[in-house]
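Asks: Quick one: this structure, given as structure tokens, is what I'll be asking you about.
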Amino acid sequence: MAAEESTEQTPEERRALFRVVRGTPDDRELAALAAVVAAAASAGGPPAPPRTPDLWSHPAAQLRAPLHAGAGAWRASGLPR
């Protein structure tokens, strides 16, 4: 029987950001790959969309609207402005 390869990973392999699956890169190639991966990770994602203001917690919502006398004023007082 042939010796079976161990699929168990070492702690260093589990901590690695990437691993070489094929080929034998030299130190310069690995350094270039690490620089590209680090630059891509630090670039971040797309900018966050601008936040729309929450009108429920707006301080003006706590103030009472002025009452205007006139025809239909009572009915209009319940309508949004």
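Naming works like this for the structure tokens: A, B, ... for the chains as they're shown, residue 1 at the start of each chain, ligands 1 onward in shown order.
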Give me the stretch 37-65 of chain A side of the contact with stretch 17-31 of chain A, cut-off 12 Å, one line per residue showing its nearest atom pair and distance in Å at one decimal, counting only C-alpha atoms, sorted by chain and residue number, as CSV.

Replies:
residue,atom,partner,partner_atom,distance
A:Val37,CA,A:Leu17,CA,8.7
A:Ala38,CA,A:Leu17,CA,9.8
A:Ala41,CA,A:Leu17,CA,11.0

Asks: If you run DSSP over the backbone, which residues in chain A end up helix (DSSP H, G or I)? Put them as a ChimeraX atom specification.

Replies: /A:11-15,27-43,55-57,59-62,73-76

Asks: Store the residues of this selection in a file with N, CA and C atoms, as a CSV table (one decimal), in the first residue's frame.

Replies:
chain,number,residue,atom,x,y,z
A,11,PRO,N,-0.8,24.5,12.1
A,11,PRO,CA,-1.3,25.8,12.5
A,11,PRO,C,-0.9,26.9,11.6
A,12,GLU,N,0.3,26.8,11.0
A,12,GLU,CA,0.8,27.8,10.1
A,12,GLU,C,0.0,27.9,8.8
A,13,GLU,N,-0.4,26.7,8.4
A,13,GLU,CA,-1.2,26.6,7.1
A,13,GLU,C,-2.6,27.2,7.4
A,14,ARG,N,-3.1,27.0,8.6
A,14,ARG,CA,-4.5,27.5,8.9
A,14,ARG,C,-4.5,29.0,9.0
A,15,ARG,N,-3.4,29.6,9.4
A,15,ARG,CA,-3.2,31.0,9.6
A,15,ARG,C,-2.9,31.7,8.3
A,27,ASP,N,11.1,33.9,-3.7
A,27,ASP,CA,10.8,34.9,-2.7
A,27,ASP,C,10.2,36.2,-3.3
A,28,ARG,N,10.8,36.7,-4.4
A,28,ARG,CA,10.3,37.9,-5.0
A,28,ARG,C,8.8,37.8,-5.5
A,29,GLU,N,8.5,36.6,-6.1
A,29,GLU,CA,7.1,36.4,-6.5
A,29,GLU,C,6.2,36.3,-5.4
A,30,LEU,N,6.6,35.7,-4.3
A,30,LEU,CA,5.7,35.6,-3.1
A,30,LEU,C,5.5,37.0,-2.5
A,31,ALA,N,6.6,37.8,-2.5
A,31,ALA,CA,6.5,39.1,-1.9
A,31,ALA,C,5.6,40.0,-2.8
A,32,ALA,N,5.6,39.9,-4.1
A,32,ALA,CA,4.8,40.6,-5.0
A,32,ALA,C,3.3,40.2,-4.8
A,33,LEU,N,3.1,38.9,-4.6
A,33,LEU,CA,1.7,38.4,-4.4
A,33,LEU,C,1.2,38.9,-3.1
A,34,ALA,N,2.0,38.9,-2.0
A,34,ALA,CA,1.6,39.4,-0.7
A,34,ALA,C,1.3,40.9,-0.8
A,35,ALA,N,2.1,41.7,-1.5
A,35,ALA,CA,1.8,43.1,-1.7
A,35,ALA,C,0.5,43.4,-2.4
A,36,VAL,N,0.2,42.6,-3.4
A,36,VAL,CA,-1.1,42.8,-4.1
A,36,VAL,C,-2.3,42.4,-3.3
A,37,VAL,N,-2.1,41.3,-2.5
A,37,VAL,CA,-3.2,40.9,-1.6
A,37,VAL,C,-3.4,42.0,-0.5
A,38,ALA,N,-2.4,42.5,0.0
A,38,ALA,CA,-2.5,43.5,1.1
A,38,ALA,C,-3.1,44.8,0.6
A,39,ALA,N,-2.7,45.2,-0.6
A,39,ALA,CA,-3.3,46.4,-1.2
A,39,ALA,C,-4.7,46.2,-1.5
A,40,ALA,N,-5.1,45.1,-2.0
A,40,ALA,CA,-6.5,44.8,-2.3
A,40,ALA,C,-7.4,44.8,-1.0
A,41,ALA,N,-6.8,44.3,0.0
A,41,ALA,CA,-7.5,44.2,1.3
A,41,ALA,C,-7.7,45.6,1.9
A,42,SER,N,-6.7,46.5,1.8
A,42,SER,CA,-6.8,47.8,2.4
A,42,SER,C,-7.6,48.8,1.6
A,43,ALA,N,-7.9,48.4,0.3
A,43,ALA,CA,-8.6,49.4,-0.6
A,43,ALA,C,-10.0,49.5,-0.1
A,55,LEU,N,-36.5,61.3,10.1
A,55,LEU,CA,-37.4,62.4,10.5
A,55,LEU,C,-38.2,62.1,11.7
A,56,TRP,N,-38.2,60.9,12.2
A,56,TRP,CA,-38.9,60.6,13.4
A,56,TRP,C,-38.2,61.1,14.6
A,57,SER,N,-36.9,61.1,14.6
A,57,SER,CA,-36.1,61.6,15.7
A,57,SER,C,-35.6,63.0,15.5
A,59,PRO,N,-35.4,66.9,15.9
A,59,PRO,CA,-35.9,67.8,17.0
A,59,PRO,C,-37.1,68.6,16.7
A,60,ALA,N,-37.3,69.0,15.4
A,60,ALA,CA,-38.4,69.8,15.0
A,60,ALA,C,-39.7,69.0,15.2
A,61,ALA,N,-39.7,67.7,15.2
A,61,ALA,CA,-40.9,66.9,15.3
A,61,ALA,C,-41.4,67.0,16.7
A,62,GLN,N,-40.6,67.4,17.7
A,62,GLN,CA,-41.1,67.5,19.0
A,62,GLN,C,-41.7,68.8,19.3
A,73,ALA,N,-59.4,75.0,9.1
A,73,ALA,CA,-58.2,74.9,9.8
A,73,ALA,C,-58.1,73.7,10.7
A,74,TRP,N,-59.3,73.3,11.3
A,74,TRP,CA,-59.3,72.1,12.2
A,74,TRP,C,-59.0,70.9,11.4
A,75,ARG,N,-59.6,70.7,10.2
A,75,ARG,CA,-59.3,69.6,9.4
A,75,ARG,C,-57.9,69.5,8.9
A,76,ALA,N,-57.4,70.7,8.5
A,76,ALA,CA,-56.0,70.8,8.0
A,76,ALA,C,-55.0,70.6,9.1

Asks: Which distance in Å separates atom CA of A:Leu79 and atom CA of A:Pro66, to one decimal?

Replies: 13.2 Å
